[in-house]
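> Submitted below is the structure of interest, expressed as structure tokens.
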Amino acid sequence: MPYDFLNVEVADRIATVTVNRPDKLNALNARVFEELDGVFTAFATDRLVSAVIVTGAGRSFVAGADIAEVAAQDAAGLERLSASGQATFNKIERLPKPVIAAVNGFALGGGCELALACHIRVASEHAKFGLPEVKLGLIPGYGGTQRLPRLIGKGRALQMMLTGEQIDAAEAYRIGLVNAVATGPTLHEVAMSVALQVAKNGPLALARAIEAINDGFDRMADDAMALEARLFGSLGATKDMAEGTAAFLAKRPAQFTGE
Ligand code: COA
């Protein structure tokens with residue numbers, strides 16, 4: 001499918017989605033959101049895709065929502081924009097396959113929120129993170145007020161949201177906003193190596209692990225444990241579990257089929 005603002009490539013069962021609007025630092029307009037929504041809907045059932053890398057073209061990952069589009073909205077329009085952007089980012093977070101953000105440059109506002117919706121974040125040394133919405137008289141509207149404190153704690157999240165200042169990749173790593181910074185190998189090599197490492201594992205187990213964390217995170221502990229037990233148990237009926245355990249006992253690599 002041709003896209004206006006995305007490049008989508010699949011190699012070794014890893015899809016790389018590149019937001020490609022470099023003249024506007026990959027700012028998220030309605031069309032970019034529509035395309036992201038469409039491609040992630042397709043990935044959910046695409047048997048040729050085991051994991052996804054999200055990155056940006058040029059010197060930016062994503063420099064936020066398209067401010068020209070945001071500026072044209074009234075209160076009701078802004079609320080709709082927020083709900084619709086949240087729905088797309090929720091789709092990314094709930095994809096039953098690992099999603100890795102490869103943050104190559106500015107991850108500001110909606111770009112930081114896009115990275116937060118991914119399961120694992122790796123960054124280049126030049127990446128910059130920030131939630132500058134307060135400088136525009138706004139707040140983050142694509143899940144940032146909720147995902148950031150859950151990831152790095154309320155105090156640090158408040159500091160980033162109230163100052164609106166950018167932090168660099170080293171600081172993002174120090175506070176747990178990113179999992180790794182690519183210092184030696186290129187960012188794409190680091191992201192690809194993470195993607196291939198996770199994609200070797202049982203696909204159904206990956207899907208249930210993502211579901212257990214996403215759906216269990218905000219539940220009371222007993223309820224979340226019950227969810228874990230149910231998901232754990234559901235894997236007992238799968239060929240993947242039979243294969244994974246048999247392969248371990250036979251001292252051979254597992255061949256998962258996702259059944
Ligand atoms: N929405 C729309 N356009 C954007 C944009 C955004 N979020 N971020 C950058 N752009 C556009 C700029 O308007 C400029 O377009 P132009 O060449 O047609 O004038 C182009 O991208 C390049 O950006 P520029 O500001 O010239 O680059 P810079 O290197 O001087 O600064 C940033 C880079 C990221 C610091 C700066 O672009 C910026 O602050 N962007 C907005 C970040 C933001 O507030 N995001 C949250 C939005 S809710």
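Identifiers in this document derive from the order of the structure tokens: chains are assigned A, B, ..., residues are numbered from 1 separately in each chain, and ligands are numbered from 1 in order of occurrence.
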Please give me, as number ranges by chain, the residues lying within 8 Å of ligand 1 when counting only C-alpha atoms and all ligand atoms.

A: 22-28, 60, 62-70, 106, 108-111, 131-133, 135-136, 138-140

> Can you pull out every residue within 9 Å of region 144-161 of chain A, counting only C-alpha atoms, but drop anything in the same chain fewer than 2 positions away, and send it as a VMD selection string?

chain A and resid 109 to 110 112 to 114 116 to 117 130 to 134 139 to 142 163 to 167 175 to 177

> Please extract the residues of region 81-251 of chain A with a backbone DSSP assignment of helix (DSSP H, G or I) and present them as JSON, numbers by chain.

{"A": [81, 82, 83, 84, 85, 86, 87, 88, 89, 90, 91, 92, 93, 110, 111, 112, 113, 114, 115, 116, 117, 132, 133, 134, 135, 136, 144, 145, 146, 147, 148, 149, 150, 151, 152, 154, 155, 156, 157, 158, 159, 160, 161, 162, 163, 169, 170, 171, 172, 173, 174, 187, 188, 189, 190, 191, 192, 193, 194, 195, 196, 197, 198, 199, 203, 204, 205, 206, 207, 208, 209, 210, 211, 212, 213, 214, 215, 216, 221, 222, 223, 224, 225, 226, 227, 228, 229, 230, 231, 232, 233, 234, 235, 236, 237, 239, 240, 241, 242, 243, 244, 245, 246, 247, 248, 249]}

> Using C-alpha atoms, can you write the selected residues to a file as a short mmCIF file (atom, residue, chain, number, x, y, z; two decimals), in the first residue's frame?


```
data_model
loop_
_atom_site.label_atom_id
_atom_site.label_comp_id
_atom_site.auth_asym_id
_atom_site.auth_seq_id
_atom_site.Cartn_x
_atom_site.Cartn_y
_atom_site.Cartn_z
CA LEU A 81 -7.87 15.19 18.07
CA SER A 82 -6.64 13.94 21.43
CA ALA A 83 -9.07 11.00 21.57
CA SER A 84 -8.26 9.97 18.02
CA GLY A 85 -4.47 10.23 18.52
CA GLN A 86 -4.80 8.26 21.76
CA ALA A 87 -6.70 5.52 19.92
CA THR A 88 -3.88 5.16 17.37
CA PHE A 89 -1.16 5.12 20.02
CA ASN A 90 -3.19 2.62 22.08
CA LYS A 91 -3.25 0.42 18.99
CA ILE A 92 0.55 0.58 18.86
CA GLU A 93 0.86 -0.19 22.58
CA GLY A 110 3.51 13.73 20.25
CA GLY A 111 6.87 12.27 19.14
CA CYS A 112 7.83 11.56 22.73
CA GLU A 113 4.32 10.14 23.22
CA LEU A 114 4.75 7.92 20.15
CA ALA A 115 7.99 6.56 21.62
CA LEU A 116 6.19 6.02 24.96
CA ALA A 117 3.51 3.94 23.24
CA PRO A 132 7.09 21.19 25.24
CA GLU A 133 3.28 21.53 25.01
CA VAL A 134 3.08 23.93 27.98
CA LYS A 135 5.18 26.38 25.93
CA LEU A 136 2.24 26.38 23.46
CA GLY A 144 1.88 11.39 27.63
CA THR A 145 0.36 12.57 30.91
CA GLN A 146 -0.39 8.94 31.73
CA ARG A 147 2.40 6.88 30.14
CA LEU A 148 5.33 9.09 31.17
CA PRO A 149 4.72 9.01 34.96
CA ARG A 150 4.09 5.26 34.77
CA LEU A 151 7.48 4.84 33.05
CA ILE A 152 9.77 7.29 34.86
CA LYS A 154 5.55 11.16 38.78
CA GLY A 155 8.25 13.57 39.96
CA ARG A 156 10.41 13.34 36.86
CA ALA A 157 7.35 13.31 34.57
CA LEU A 158 6.07 16.49 36.20
CA GLN A 159 9.49 18.10 35.79
CA MET A 160 9.52 17.30 32.05
CA MET A 161 5.91 18.39 31.53
CA LEU A 162 6.07 21.59 33.59
CA THR A 163 9.40 22.86 32.27
CA ALA A 169 19.77 10.69 25.20
CA ALA A 170 22.17 10.15 28.12
CA GLU A 171 19.73 11.74 30.57
CA ALA A 172 16.81 9.82 29.00
CA TYR A 173 18.74 6.61 29.61
CA ARG A 174 19.64 7.63 33.18
CA LEU A 187 20.82 3.10 15.76
CA HIS A 188 19.23 0.88 13.12
CA GLU A 189 21.66 -1.95 13.93
CA VAL A 190 20.84 -1.68 17.64
CA ALA A 191 17.08 -1.56 16.99
CA MET A 192 17.32 -4.46 14.53
CA SER A 193 19.32 -6.55 16.95
CA VAL A 194 16.71 -5.98 19.71
CA ALA A 195 13.91 -6.77 17.24
CA LEU A 196 15.56 -10.00 16.05
CA GLN A 197 16.30 -11.04 19.63
CA VAL A 198 12.68 -10.69 20.72
CA ALA A 199 11.27 -12.09 17.47
CA PRO A 203 4.91 -15.34 19.19
CA LEU A 204 1.96 -16.29 21.39
CA ALA A 205 4.08 -15.86 24.52
CA LEU A 206 5.16 -12.40 23.30
CA ALA A 207 1.52 -11.46 22.70
CA ARG A 208 0.45 -12.66 26.16
CA ALA A 209 3.41 -10.92 27.85
CA ILE A 210 2.41 -7.62 26.22
CA GLU A 211 -1.23 -8.21 27.21
CA ALA A 212 -0.32 -9.14 30.81
CA ILE A 213 1.66 -5.94 31.33
CA ASN A 214 -0.71 -3.64 29.46
CA ASP A 215 -3.91 -4.98 31.01
CA GLY A 216 -2.52 -5.84 34.43
CA ALA A 221 -2.59 -6.76 42.63
CA ASP A 222 -4.91 -9.77 43.18
CA ASP A 223 -6.85 -9.03 40.02
CA ALA A 224 -3.64 -8.53 38.02
CA MET A 225 -2.22 -11.82 39.37
CA ALA A 226 -5.44 -13.59 38.33
CA LEU A 227 -5.03 -12.12 34.85
CA GLU A 228 -1.44 -13.36 34.75
CA ALA A 229 -2.51 -16.87 35.80
CA ARG A 230 -5.20 -16.95 33.12
CA LEU A 231 -2.80 -15.81 30.38
CA PHE A 232 -0.08 -18.17 31.65
CA GLY A 233 -2.58 -21.02 31.60
CA SER A 234 -3.81 -20.18 28.11
CA LEU A 235 -0.32 -20.90 26.76
CA GLY A 236 -0.60 -24.49 28.01
CA ALA A 237 -2.90 -25.23 25.10
CA LYS A 239 1.99 -25.90 20.20
CA ASP A 240 4.52 -23.13 20.91
CA MET A 241 4.69 -24.07 24.59
CA ALA A 242 5.02 -27.77 23.73
CA GLU A 243 7.77 -26.92 21.23
CA GLY A 244 9.63 -24.46 23.49
CA THR A 245 9.81 -26.83 26.43
CA ALA A 246 10.59 -29.90 24.25
CA ALA A 247 13.37 -27.99 22.47
CA PHE A 248 14.92 -26.98 25.80
CA LEU A 249 14.86 -30.55 27.10
#
```

> So the first atom is CA of Lys251 (chain A) and the second is CA of Val99 (chain A); what is the distance between them in Å, to one decimal place?

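A separation of 29.5 Å between them.
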
> Distance CA of Asn104 (chain A)-CA of Ala182 (chain A), one decimal place?

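CA of Ala182 (chain A) lies 9.7 Å from CA of Asn104 (chain A).
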
> Find the residues around Asn20 (chain A) up to 9 Å (only C-alpha atoms counted), leave out those fewer than 6 positions away in its own chain, and share them as number ranges by chain.

A: 4-7, 26, 32, 56-58

> Would you save the residues from that selection as an mmCIF file, in the first residue's frame, using C-alpha atoms?


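Resulting contents of selection21.cif:
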```cif
data_model
loop_
_atom_site.group_PDB
_atom_site.id
_atom_site.type_symbol
_atom_site.label_atom_id
_atom_site.label_comp_id
_atom_site.auth_asym_id
_atom_site.auth_seq_id
_atom_site.Cartn_x
_atom_site.Cartn_y
_atom_site.Cartn_z
ATOM 1 C CA ASP A 4 2.177 9.750 1.685
ATOM 2 C CA PHE A 5 4.181 10.059 4.892
ATOM 3 C CA LEU A 6 5.408 6.589 5.846
ATOM 4 C CA ASN A 7 8.031 4.245 4.459
ATOM 5 C CA ASN A 26 7.990 14.452 10.809
ATOM 6 C CA VAL A 32 0.288 10.635 9.317
ATOM 7 C CA GLY A 56 11.885 8.951 11.632
ATOM 8 C CA ALA A 57 13.412 10.204 8.373
ATOM 9 C CA GLY A 58 16.111 12.862 8.534
#
```

> So, counting only C-alpha atoms, which residue among A:Gln73, A:Thr183, A:Ser50, A:Thr238 is closest to Ile14 (chain A)?

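With only C-alpha atoms as the atom set, the closest residue is A:Ser50.
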
> Figure out the distance between CA of Phe33 (chain A) and CA of Val49 (chain A), please, to one decimal in Å.

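Going from CA of Val49 (chain A) over to CA of Phe33 (chain A) covers 20.5 Å.
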